[in-house]
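**Student:** Just one file: input22.csv, with CSV, C-alpha atoms and all ligand atoms.
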chain,number,residue,atom,x,y,z
A,1,MET,CA,-22.0,3.6,12.8
A,2,ALA,CA,-18.4,4.5,11.8
A,3,ARG,CA,-16.4,1.4,10.8
A,4,LEU,CA,-13.0,2.3,12.2
A,5,THR,CA,-13.8,4.2,15.4
A,6,ASP,CA,-10.6,5.0,17.3
A,7,LYS,CA,-8.5,2.6,15.2
A,8,VAL,CA,-4.9,3.9,14.8
A,9,VAL,CA,-3.8,3.7,11.2
A,10,VAL,CA,-0.5,4.2,9.5
A,11,ILE,CA,-0.6,4.6,5.8
A,12,THR,CA,2.3,5.3,3.4
A,13,GLY,CA,2.1,7.2,0.2
A,14,ALA,CA,-1.0,9.0,1.4
A,15,GLY,CA,-0.1,12.4,-0.1
A,16,ASN,CA,-1.6,11.6,-3.5
A,17,GLY,CA,-3.6,9.1,-5.4
A,18,MET,CA,-5.3,6.1,-3.9
A,19,GLY,CA,-3.3,6.4,-0.6
A,20,LYS,CA,-4.9,9.9,-0.1
A,21,ALA,CA,-8.3,8.5,-0.9
A,22,MET,CA,-7.9,5.7,1.6
A,23,ALA,CA,-6.6,8.1,4.3
A,24,LEU,CA,-9.6,10.4,3.8
A,25,ARG,CA,-12.0,7.5,3.9
A,26,PHE,CA,-10.4,6.0,7.0
A,27,GLY,CA,-10.6,9.5,8.7
A,28,GLN,CA,-14.3,9.7,7.8
A,29,GLU,CA,-14.8,6.3,9.5
A,30,GLY,CA,-13.4,7.5,12.8
A,31,ALA,CA,-9.8,6.3,12.5
A,32,LYS,CA,-6.8,8.2,13.9
A,33,VAL,CA,-4.6,8.5,10.8
A,34,LEU,CA,-0.9,8.8,10.8
A,35,ALA,CA,-0.7,9.8,7.2
A,36,SER,CA,2.8,9.5,5.7
A,37,ASP,CA,4.5,10.4,2.4
A,38,ARG,CA,7.8,11.8,1.1
A,39,ASP,CA,5.8,14.6,-0.5
A,40,GLU,CA,5.5,17.1,2.3
A,41,LYS,CA,3.0,19.4,0.6
A,42,GLY,CA,0.8,16.5,-0.4
A,43,ILE,CA,0.7,14.9,3.0
A,44,LYS,CA,0.0,18.1,4.9
A,45,ALA,CA,-2.9,18.6,2.6
A,46,THR,CA,-4.2,15.1,3.2
A,47,ALA,CA,-4.0,15.5,7.0
A,48,GLU,CA,-5.6,18.9,6.8
A,49,GLU,CA,-8.5,17.6,4.8
A,50,ILE,CA,-9.1,14.9,7.4
A,51,THR,CA,-9.1,17.3,10.3
A,52,VAL,CA,-11.2,19.9,8.5
A,53,ALA,CA,-13.8,17.2,8.0
A,54,GLY,CA,-13.8,16.6,11.7
A,55,GLY,CA,-11.4,13.6,11.8
A,56,THR,CA,-8.1,13.0,13.5
A,57,ALA,CA,-4.8,13.0,11.5
A,58,VAL,CA,-1.1,13.7,11.8
A,59,ALA,CA,1.0,14.3,8.8
A,60,ASP,CA,4.4,12.5,8.6
A,61,VAL,CA,7.2,13.0,6.1
A,62,THR,CA,9.0,9.8,5.5
A,63,ASP,CA,10.8,8.3,2.5
A,64,VAL,CA,10.0,4.6,2.7
A,65,SER,CA,13.2,3.6,1.0
A,66,ASP,CA,15.0,4.6,4.3
A,67,GLU,CA,14.8,1.7,6.7
A,68,ALA,CA,15.5,3.8,9.8
A,69,ALA,CA,12.8,6.3,8.8
A,70,ILE,CA,10.2,3.5,8.3
A,71,LYS,CA,11.0,2.1,11.8
A,72,ALA,CA,10.5,5.6,13.3
A,73,LEU,CA,7.2,6.0,11.4
A,74,ILE,CA,5.8,2.8,12.8
A,75,HIS,CA,6.8,3.7,16.4
A,76,ARG,CA,5.5,7.2,15.9
A,77,ALA,CA,2.0,5.7,15.8
A,78,VAL,CA,2.5,4.5,19.4
A,79,THR,CA,4.0,7.8,20.5
A,80,GLU,CA,1.2,9.9,18.9
A,81,PHE,CA,-1.8,7.7,19.5
A,82,GLY,CA,-0.7,5.0,21.9
A,83,ARG,CA,-1.2,1.9,19.7
A,84,LEU,CA,-1.2,0.6,16.1
A,85,ASP,CA,-4.2,-1.2,14.7
A,86,ILE,CA,-3.9,-0.9,11.0
A,87,LEU,CA,-0.9,-0.6,8.7
A,88,VAL,CA,-1.4,0.1,5.0
A,89,ASN,CA,1.8,-0.2,2.8
A,90,ASN,CA,0.6,1.8,-0.2
A,91,ALA,CA,3.6,3.8,-1.3
A,92,GLY,CA,4.9,2.5,-4.6
A,93,ILE,CA,6.5,3.4,-7.9
A,94,VAL,CA,6.6,2.1,-11.4
A,95,ASP,CA,9.5,1.1,-13.5
A,96,ASN,CA,9.0,2.5,-17.0
A,97,PHE,CA,8.3,-1.0,-18.3
A,98,LYS,CA,12.0,-1.9,-18.2
A,99,THR,CA,12.5,-5.5,-19.2
A,100,VAL,CA,14.9,-8.0,-17.8
A,101,VAL,CA,17.3,-6.9,-20.5
A,102,THR,CA,16.9,-3.1,-20.1
A,103,ALA,CA,16.5,-2.9,-16.3
A,104,THR,CA,19.7,-1.7,-14.6
A,105,ASP,CA,20.9,-2.7,-11.1
A,106,GLU,CA,20.0,0.9,-10.1
A,107,SER,CA,16.5,0.9,-11.5
A,108,TRP,CA,15.9,-2.6,-10.1
A,109,ASP,CA,17.1,-1.7,-6.6
A,110,LYS,CA,15.0,1.5,-6.6
A,111,VAL,CA,11.8,-0.3,-7.3
A,112,LEU,CA,12.4,-3.2,-5.0
A,113,LYS,CA,13.4,-0.9,-2.1
A,114,ILE,CA,10.1,1.1,-2.3
A,115,ASN,CA,7.7,-1.6,-3.4
A,116,LEU,CA,9.0,-4.6,-1.4
A,117,TYR,CA,11.7,-3.8,1.2
A,118,ALA,CA,9.7,-0.9,2.6
A,119,PRO,CA,6.6,-3.0,3.3
A,120,PHE,CA,8.9,-5.7,4.8
A,121,TRP,CA,10.6,-3.2,7.1
A,122,ALA,CA,7.2,-1.7,8.1
A,123,CYS,CA,5.7,-5.2,8.8
A,124,ARG,CA,8.7,-6.3,10.8
A,125,GLU,CA,8.2,-3.3,13.1
A,126,ALA,CA,4.4,-3.4,13.2
A,127,VAL,CA,3.7,-7.1,13.8
A,128,PRO,CA,5.3,-7.3,17.4
A,129,ILE,CA,3.4,-4.1,18.4
A,130,MET,CA,0.1,-5.5,17.1
A,131,GLU,CA,0.7,-8.9,18.7
A,132,GLU,CA,1.1,-7.2,22.1
A,133,GLN,CA,-2.4,-5.7,21.8
A,134,GLU,CA,-5.4,-7.6,22.9
A,135,THR,CA,-7.2,-6.8,19.7
A,136,GLY,CA,-4.2,-7.5,17.4
A,137,GLY,CA,-4.0,-5.7,14.2
A,138,ALA,CA,-4.6,-5.7,10.4
A,139,ILE,CA,-2.0,-5.2,7.6
A,140,LEU,CA,-3.0,-4.3,4.1
A,141,ASN,CA,-0.3,-4.4,1.4
A,142,ILE,CA,-1.0,-2.8,-1.9
A,143,SER,CA,0.0,-5.0,-4.8
A,144,SER,CA,-1.4,-4.8,-8.3
A,145,VAL,CA,-2.8,-7.0,-11.1
A,146,GLY,CA,0.9,-6.8,-12.0
A,147,GLY,CA,1.5,-9.0,-8.9
A,148,MET,CA,-0.6,-11.8,-10.5
A,149,PHE,CA,0.2,-11.6,-14.2
A,150,GLY,CA,3.4,-11.1,-16.0
A,151,GLY,CA,2.6,-8.4,-18.5
A,152,ARG,CA,1.2,-5.5,-16.4
A,153,GLY,CA,4.4,-3.7,-15.8
A,154,GLY,CA,8.2,-4.0,-16.2
A,155,ALA,CA,10.3,-6.7,-14.7
A,156,ALA,CA,11.1,-5.1,-11.4
A,157,TYR,CA,7.5,-3.8,-10.9
A,158,VAL,CA,6.0,-7.2,-11.6
A,159,THR,CA,8.6,-8.9,-9.4
A,160,SER,CA,8.0,-6.6,-6.5
A,161,LYS,CA,4.2,-6.9,-6.8
A,162,HIS,CA,4.3,-10.7,-6.9
A,163,ALA,CA,6.7,-10.8,-4.0
A,164,ILE,CA,4.5,-8.6,-1.8
A,165,ILE,CA,1.7,-11.1,-2.2
A,166,GLY,CA,4.1,-13.9,-1.0
A,167,LEU,CA,5.2,-11.8,2.0
A,168,THR,CA,1.6,-11.0,2.9
A,169,LYS,CA,0.5,-14.6,2.8
A,170,ASN,CA,3.5,-15.6,4.9
A,171,ILE,CA,2.6,-13.0,7.5
A,172,ALA,CA,-1.1,-14.2,7.4
A,173,ALA,CA,0.0,-17.8,7.9
A,174,THR,CA,2.5,-17.1,10.6
A,175,TYR,CA,0.8,-14.4,12.6
A,176,GLY,CA,-2.8,-14.6,11.7
A,177,VAL,CA,-4.0,-18.2,11.6
A,178,LYS,CA,-3.3,-18.9,15.2
A,179,GLY,CA,-2.4,-15.3,16.0
A,180,LYS,CA,-3.9,-11.8,16.1
A,181,VAL,CA,-2.4,-10.1,13.0
A,182,ARG,CA,-4.4,-10.4,9.8
A,183,ALA,CA,-2.6,-9.6,6.6
A,184,ASN,CA,-4.3,-9.1,3.2
A,185,VAL,CA,-3.5,-7.7,-0.2
A,186,LEU,CA,-5.4,-5.3,-2.4
A,187,ALA,CA,-4.6,-5.8,-6.1
A,188,PRO,CA,-5.8,-2.8,-8.1
A,189,GLY,CA,-6.2,-2.8,-11.9
A,190,SER,CA,-6.0,0.6,-13.7
A,191,VAL,CA,-6.8,3.4,-11.3
A,192,VAL,CA,-6.8,7.1,-12.2
A,193,THR,CA,-4.0,8.6,-10.1
A,194,ASN,CA,-0.7,10.5,-10.7
A,195,ILE,CA,1.3,7.4,-11.1
A,196,GLY,CA,0.9,7.4,-14.9
A,197,ALA,CA,2.6,10.9,-15.0
A,198,THR,CA,5.7,9.4,-13.4
A,199,ILE,CA,6.3,7.2,-16.4
A,200,THR,CA,9.1,8.6,-18.5
A,201,ASP,CA,10.6,7.1,-21.6
A,202,PRO,CA,8.7,3.8,-21.4
A,203,ASP,CA,10.4,0.7,-22.9
A,204,PRO,CA,8.4,-0.2,-26.0
A,205,VAL,CA,9.3,-3.9,-25.6
A,206,GLY,CA,8.1,-3.9,-22.0
A,207,GLN,CA,4.9,-2.3,-23.1
A,208,LYS,CA,4.0,-4.9,-25.7
A,209,ALA,CA,2.6,-7.4,-23.2
A,210,LEU,CA,0.5,-4.6,-21.5
A,211,GLN,CA,-0.9,-3.8,-24.9
A,212,ALA,CA,-1.6,-7.5,-25.6
A,213,SER,CA,-3.5,-7.8,-22.2
A,214,GLY,CA,-5.7,-4.9,-23.2
A,215,GLY,CA,-4.0,-2.6,-20.7
A,216,PHE,CA,-4.4,0.5,-22.8
A,217,SER,CA,-8.2,0.2,-22.8
A,218,SER,CA,-8.7,-1.5,-19.4
A,219,PRO,CA,-11.5,-0.3,-17.1
A,220,GLN,CA,-10.5,2.7,-15.1
A,221,GLY,CA,-11.2,2.8,-11.3
A,222,SER,CA,-10.9,5.8,-8.9
A,223,GLY,CA,-9.0,6.2,-5.7
A,224,GLU,CA,-12.4,6.1,-3.9
A,225,ASP,CA,-13.1,2.7,-5.5
A,226,MET,CA,-9.8,1.5,-3.9
A,227,ALA,CA,-10.6,3.2,-0.6
A,228,ASN,CA,-13.9,1.3,-0.3
A,229,ALA,CA,-12.2,-2.0,-1.0
A,230,ALA,CA,-9.4,-1.2,1.4
A,231,LEU,CA,-11.8,-0.1,4.1
A,232,TYR,CA,-13.5,-3.5,4.1
A,233,LEU,CA,-10.2,-5.4,4.4
A,234,VAL,CA,-8.9,-3.3,7.3
A,235,SER,CA,-12.2,-3.2,9.2
A,236,ASP,CA,-13.4,-5.7,11.7
A,237,GLU,CA,-16.1,-6.8,9.2
A,238,ALA,CA,-13.2,-8.7,7.5
A,239,LYS,CA,-12.0,-10.4,10.8
A,240,PHE,CA,-12.1,-13.8,9.1
A,241,VAL,CA,-10.4,-12.6,6.0
A,242,ASN,CA,-6.7,-13.4,6.3
A,243,GLY,CA,-4.1,-14.0,3.5
A,244,ALA,CA,-6.6,-12.9,0.8
A,245,VAL,CA,-5.9,-11.1,-2.4
A,246,LEU,CA,-8.8,-8.8,-3.4
A,247,VAL,CA,-8.6,-7.9,-7.1
A,248,ALA,CA,-10.3,-4.6,-7.8
A,249,ASP,CA,-9.9,-4.1,-11.5
A,250,GLY,CA,-13.4,-3.6,-12.9
A,251,GLY,CA,-13.1,-7.1,-14.4
A,252,TRP,CA,-10.0,-6.4,-16.5
A,253,THR,CA,-8.4,-9.7,-15.6
A,254,ALA,CA,-11.7,-11.6,-15.8
A,255,LEU,CA,-11.6,-11.0,-19.6
B,301,LIG,N1,-2.7,3.7,-10.2
B,301,LIG,C1,-2.8,2.4,-10.6
B,301,LIG,O1,-3.3,2.1,-11.7
B,301,LIG,C2,-2.2,1.3,-9.8
B,301,LIG,C3,-2.5,0.0,-10.2
B,301,LIG,C4,-2.1,-1.1,-9.4
B,301,LIG,C5,-1.3,-0.8,-8.2
B,301,LIG,N2,-1.1,0.5,-7.9
B,301,LIG,C6,-0.3,0.7,-6.7
B,301,LIG,O2,-1.0,1.6,-5.8
B,301,LIG,C7,-0.1,2.2,-4.9
B,301,LIG,C8,-0.4,3.7,-5.0
B,301,LIG,O3,-0.2,4.2,-6.3
B,301,LIG,P1,-1.0,5.4,-6.9
B,301,LIG,O4,-1.5,5.0,-8.2
B,301,LIG,O5,-1.9,6.0,-5.9
B,301,LIG,O6,0.3,6.4,-7.2
B,301,LIG,P2,0.6,7.9,-6.9
B,301,LIG,O7,1.8,8.2,-7.6
B,301,LIG,O8,-0.6,8.7,-7.3
B,301,LIG,O9,0.8,8.0,-5.4
B,301,LIG,C9,1.9,7.3,-4.8
B,301,LIG,C10,2.3,8.1,-3.5
B,301,LIG,O10,3.4,7.4,-3.0
B,301,LIG,C11,4.4,8.3,-2.6
B,301,LIG,N3,5.7,7.7,-2.7
B,301,LIG,C12,6.4,7.2,-3.7
B,301,LIG,N4,7.6,6.9,-3.4
B,301,LIG,C13,7.7,7.1,-2.1
B,301,LIG,C14,8.7,6.9,-1.1
B,301,LIG,N5,9.9,6.4,-1.4
B,301,LIG,N6,8.5,7.2,0.2
B,301,LIG,C15,7.3,7.7,0.6
B,301,LIG,N7,6.3,8.0,-0.3
B,301,LIG,C16,6.5,7.6,-1.6
B,301,LIG,C17,4.3,9.5,-3.7
B,301,LIG,O11,4.8,10.7,-3.2
B,301,LIG,C18,2.8,9.5,-3.8
B,301,LIG,O12,2.2,10.4,-2.9
B,301,LIG,C19,1.3,1.9,-5.5
B,301,LIG,O13,1.8,0.8,-4.6
B,301,LIG,C20,1.0,1.3,-6.9
B,301,LIG,O14,2.0,0.4,-7.3
B,301,LIG,C21,-1.5,1.5,-8.6
So, in terms of structure tokens, how does the structure I just supplied come out?
Ligand SMILES: NC(=O)c1ccc[n+]([C@@H]2O[C@H](COP(=O)([O-])OP(=O)(O)OC[C@H]3O[C@@H](n4cnc5c(N)ncnc54)[C@H](O)[C@@H]3O)[C@@H](O)[C@H]2O)c1

**Tutor:**
Amino acid sequence: MARLTDKVVVITGAGNGMGKAMALRFGQEGAKVLASDRDEKGIKATAEEITVAGGTAVADVTDVSDEAAIKALIHRAVTEFGRLDILVNNAGIVDNFKTVVTATDESWDKVLKINLYAPFWACREAVPIMEEQETGGAILNISSVGGMFGGRGGAAYVTSKHAIIGLTKNIAATYGVKGKVRANVLAPGSVVTNIGATITDPDPVGQKALQASGGFSSPQGSGEDMANAALYLVSDEAKFVNGAVLVADGGWTAL
């Protein structure tokens, strides 16, 4: 039996990488997917793959660093599909390993806007909609092992990924323990996606800690590995899982 039959899902950053893998998997499991990305070509391809496979999907072009656009995206789920069951805040960027010394206000703001403010804005819109529904809703925020340890990214990235865990736990405690909205975190390790190609001119000082943590030879997961972990967390099988951080890193941080 499909695990997300008729669940309405909004997922950001679904035009590529693990967001795309999650969107495809959710579509296979019977979800109605509002697949969003700022990459128009990528997101249209994701939605088409879902529909060609017999699923239901709508492509949405949103830059998550735009608060008004995020608000519109969340409400679009209700306009298109009548409800919102699952929100996955996946869109994220890296920071070229800039340290506290080499990060600029501009680079800091850019990373925090996309990796932290955008999920905050999306959750702020989504929680009241989910609370109104008899069956509530589930939020999944994508952090990173960089959200649990200091040396898996630059200063802004590590800060944003730690902070999203705090935000998620606060939502879980406030709206999930006695309420209807579960919120959890997926913390991937190294996953083969396009994100590595977006790193330009990495700061060698910032990379030293990654090297020390074995980051250059860490186990490599796939988008599908992340999709399988995400599927569990957003499905009703995880109805008693709230405020959890699921690390999916092939054991890198167990070393
Ligand atoms: N790949 C890894 O090793 C890894 C490890 C830990 C955490 N993560 C996290 O996983 C998430 C997905 O990363 P990925 O590896 O699939 O990356 P990716 O670069 O392959 O895909 C990210 C997607 O997000 C989109 N995006 C970026 N900025 C956006 C914006 N402002 N508005 C809308 N869309 C935007 C991109 O267009 C792209 O489609 C990110 O939050 C990332 O921090 C990745």

**Student:** Considering only C-alpha atoms, return as JSON, numbers by chain whatever protein or nucleic-acid residues lie within 9 Å of A:Asn16, sequence-local ones (same chain, fewer than 5 positions apart) excluded.

**Tutor:** {"A": [21, 37, 39, 42, 43, 46, 193, 194]}

**Student:** Limited to C-alpha atoms, could you put the picked residues into a file as a PDB file, keeping the file's coordinate frame?

**Tutor:**
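Result file is part_39.pdb:
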ATOM      1  CA  ALA A  21      -8.300   8.500  -0.900  1.00  0.00           C
ATOM      2  CA  ASP A  37       4.500  10.400   2.400  1.00  0.00           C
ATOM      3  CA  ASP A  39       5.800  14.600  -0.500  1.00  0.00           C
ATOM      4  CA  GLY A  42       0.800  16.500  -0.400  1.00  0.00           C
ATOM      5  CA  ILE A  43       0.700  14.900   3.000  1.00  0.00           C
ATOM      6  CA  THR A  46      -4.200  15.100   3.200  1.00  0.00           C
ATOM      7  CA  THR A 193      -4.000   8.600 -10.100  1.00  0.00           C
ATOM      8  CA  ASN A 194      -0.700  10.500 -10.700  1.00  0.00           C
TER       9      ASN A 194
END

**Student:** Contacts between ligand LIG 301 (chain B) and chain A, please, where a residue of chain A counts if it comes within 6 Å (with only C-alpha atoms and all ligand atoms); show its shortest atom pair and distance in Å to one decimal, rows by chain and ascending number, as CSV.

**Tutor:**
residue,atom,partner,partner_atom,distance
A:Gly13,CA,B:LIG301,O10,3.5
A:Ala14,CA,B:LIG301,O12,5.5
A:Gly15,CA,B:LIG301,O12,4.1
A:Asn16,CA,B:LIG301,O12,4.0
A:Gly17,CA,B:LIG301,O5,3.6
A:Met18,CA,B:LIG301,O5,3.9
A:Gly19,CA,B:LIG301,O5,5.5
A:Asp37,CA,B:LIG301,N7,4.0
A:Arg38,CA,B:LIG301,C15,4.2
A:Asp39,CA,B:LIG301,O11,4.8
A:Thr62,CA,B:LIG301,C15,5.6
A:Asp63,CA,B:LIG301,N6,3.4
A:Val64,CA,B:LIG301,N6,3.9
A:Ser65,CA,B:LIG301,N5,4.9
A:Asn90,CA,B:LIG301,O13,4.7
A:Ala91,CA,B:LIG301,O10,4.0
A:Gly92,CA,B:LIG301,O13,3.5
A:Ile93,CA,B:LIG301,O14,5.4
A:Ile114,CA,B:LIG301,N5,5.4
A:Ile142,CA,B:LIG301,O13,5.3
A:Ser143,CA,B:LIG301,C5,5.6
A:Ser144,CA,B:LIG301,C4,3.9
A:Pro188,CA,B:LIG301,C4,4.3
A:Gly189,CA,B:LIG301,C3,4.9
A:Ser190,CA,B:LIG301,O1,3.7
A:Val191,CA,B:LIG301,O1,3.8
A:Val192,CA,B:LIG301,N1,5.7
A:Thr193,CA,B:LIG301,O8,4.4
A:Asn194,CA,B:LIG301,O8,3.8
A:Ile195,CA,B:LIG301,O7,3.6

**Student:** Please dump the current selection as an mmCIF file, in the coordinates of the input; keep C-alpha atoms.

**Tutor:**
data_model
loop_
_atom_site.group_PDB
_atom_site.id
_atom_site.type_symbol
_atom_site.label_atom_id
_atom_site.label_comp_id
_atom_site.auth_asym_id
_atom_site.auth_seq_id
_atom_site.Cartn_x
_atom_site.Cartn_y
_atom_site.Cartn_z
ATOM 1 C CA GLY A 13 2.100 7.200 0.200
ATOM 2 C CA ALA A 14 -1.000 9.000 1.400
ATOM 3 C CA GLY A 15 -0.100 12.400 -0.100
ATOM 4 C CA ASN A 16 -1.600 11.600 -3.500
ATOM 5 C CA GLY A 17 -3.600 9.100 -5.400
ATOM 6 C CA MET A 18 -5.300 6.100 -3.900
ATOM 7 C CA GLY A 19 -3.300 6.400 -0.600
ATOM 8 C CA ASP A 37 4.500 10.400 2.400
ATOM 9 C CA ARG A 38 7.800 11.800 1.100
ATOM 10 C CA ASP A 39 5.800 14.600 -0.500
ATOM 11 C CA THR A 62 9.000 9.800 5.500
ATOM 12 C CA ASP A 63 10.800 8.300 2.500
ATOM 13 C CA VAL A 64 10.000 4.600 2.700
ATOM 14 C CA SER A 65 13.200 3.600 1.000
ATOM 15 C CA ASN A 90 0.600 1.800 -0.200
ATOM 16 C CA ALA A 91 3.600 3.800 -1.300
ATOM 17 C CA GLY A 92 4.900 2.500 -4.600
ATOM 18 C CA ILE A 93 6.500 3.400 -7.900
ATOM 19 C CA ILE A 114 10.100 1.100 -2.300
ATOM 20 C CA ILE A 142 -1.000 -2.800 -1.900
ATOM 21 C CA SER A 143 0.000 -5.000 -4.800
ATOM 22 C CA SER A 144 -1.400 -4.800 -8.300
ATOM 23 C CA PRO A 188 -5.800 -2.800 -8.100
ATOM 24 C CA GLY A 189 -6.200 -2.800 -11.900
ATOM 25 C CA SER A 190 -6.000 0.600 -13.700
ATOM 26 C CA VAL A 191 -6.800 3.400 -11.300
ATOM 27 C CA VAL A 192 -6.800 7.100 -12.200
ATOM 28 C CA THR A 193 -4.000 8.600 -10.100
ATOM 29 C CA ASN A 194 -0.700 10.500 -10.700
ATOM 30 C CA ILE A 195 1.300 7.400 -11.100
#

**Student:** When you look at A:Lys169 with a cut-off of 12 Å (counting all atoms listed in the file), what residues show up, excluding the ones that are within fewer than 4 positions of it in the same chain? I need them as a VMD selection string.

**Tutor:** chain A and resid 139 to 141 162 to 165 173 to 177 181 to 185 241 to 245

**Student:** Under the rule that all atoms listed in the file are counted, which of A:Met130, A:Val9, A:Ala138, A:Ala103 is the nearest residue to A:Ala77?

**Tutor:**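 Among A:Met130, A:Val9, A:Ala138, A:Ala103, it is A:Val9 that comes nearest to A:Ala77.
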
**Student:** Mind giving me the straight-line distance from atom CA of A:Lys239 to atom CA of A:Thr79 in Å, one decimal?

**Tutor:** 26.1 Å

**Student:** Separation of atom CA of A:Glu49 and atom CA of A:Met226, in Å?

**Tutor:** 18.3 Å

**Student:** Just want the 12 Å neighbourhood of A:Lys113, counted on all atoms listed in the file, with same-chain residues fewer than 3 positions away dropped. Output as a list in words.

**Tutor:** Asp63, Val64, Ser65, Asp66, Glu67, Ile70, Ala91, Gly92, Ile93, Val94, Asp105, Glu106, Ser107, Trp108, Asp109, Lys110, Leu116, Tyr117, Ala118, Pro119, Phe120, Trp121, Ala122, Ala156, Tyr157, Thr159, Ser160, Lys161 and Ile164 of chain A

**Student:** What does the structure give for the distance between atom CA of A:Gln207 and atom CA of A:Phe149, in Å to one decimal?

**Tutor:**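 These two atoms are separated by 13.7 Å.
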
**Student:** Please determine, counting all atoms listed in the file, which residue among A:Val52, A:Gly146, A:Lys178, A:Ile11 has the shortest atom-to-atom distance to A:Leu73.

**Tutor:** A:Ile11

**Student:** Could you list, with a cut-off of 12 Å and counting only C-alpha atoms, the residues of stretch 62-151 of chain A near stretch 24-34 of chain A, each shown with its nearest atom pair and the distance in Å rounded to one decimal, rows sorted by chain and ascending number, as JSON lines?

**Tutor:**
{"residue": "A:Thr62", "atom": "CA", "partner": "A:Leu34", "partner_atom": "CA", "distance": 11.3}
{"residue": "A:Leu73", "atom": "CA", "partner": "A:Leu34", "partner_atom": "CA", "distance": 8.6}
{"residue": "A:Ile74", "atom": "CA", "partner": "A:Leu34", "partner_atom": "CA", "distance": 9.2}
{"residue": "A:His75", "atom": "CA", "partner": "A:Leu34", "partner_atom": "CA", "distance": 10.8}
{"residue": "A:Arg76", "atom": "CA", "partner": "A:Leu34", "partner_atom": "CA", "distance": 8.3}
{"residue": "A:Ala77", "atom": "CA", "partner": "A:Leu34", "partner_atom": "CA", "distance": 6.6}
{"residue": "A:Val78", "atom": "CA", "partner": "A:Leu34", "partner_atom": "CA", "distance": 10.2}
{"residue": "A:Thr79", "atom": "CA", "partner": "A:Leu34", "partner_atom": "CA", "distance": 10.9}
{"residue": "A:Glu80", "atom": "CA", "partner": "A:Leu34", "partner_atom": "CA", "distance": 8.4}
{"residue": "A:Phe81", "atom": "CA", "partner": "A:Lys32", "partner_atom": "CA", "distance": 7.5}
{"residue": "A:Gly82", "atom": "CA", "partner": "A:Lys32", "partner_atom": "CA", "distance": 10.6}
{"residue": "A:Arg83", "atom": "CA", "partner": "A:Lys32", "partner_atom": "CA", "distance": 10.2}
{"residue": "A:Leu84", "atom": "CA", "partner": "A:Lys32", "partner_atom": "CA", "distance": 9.7}
{"residue": "A:Asp85", "atom": "CA", "partner": "A:Ala31", "partner_atom": "CA", "distance": 9.6}
{"residue": "A:Ile86", "atom": "CA", "partner": "A:Val33", "partner_atom": "CA", "distance": 9.4}
{"residue": "A:Leu87", "atom": "CA", "partner": "A:Leu34", "partner_atom": "CA", "distance": 9.6}
{"residue": "A:Val88", "atom": "CA", "partner": "A:Leu34", "partner_atom": "CA", "distance": 10.5}

**Student:** When distances are computed from only C-alpha atoms, which of A:Ala35, A:Ala172, A:Ala212, A:Val61 shows the smallest separation from A:Val8?

**Tutor:** A:Ala35

**Student:** Taking only C-alpha atoms into account, which of A:Leu4, A:Ile171, A:Val101, A:Ala209 comes nearest A:Thr56?

**Tutor:**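 So, comparing all the options, the nearest one is A:Leu4.
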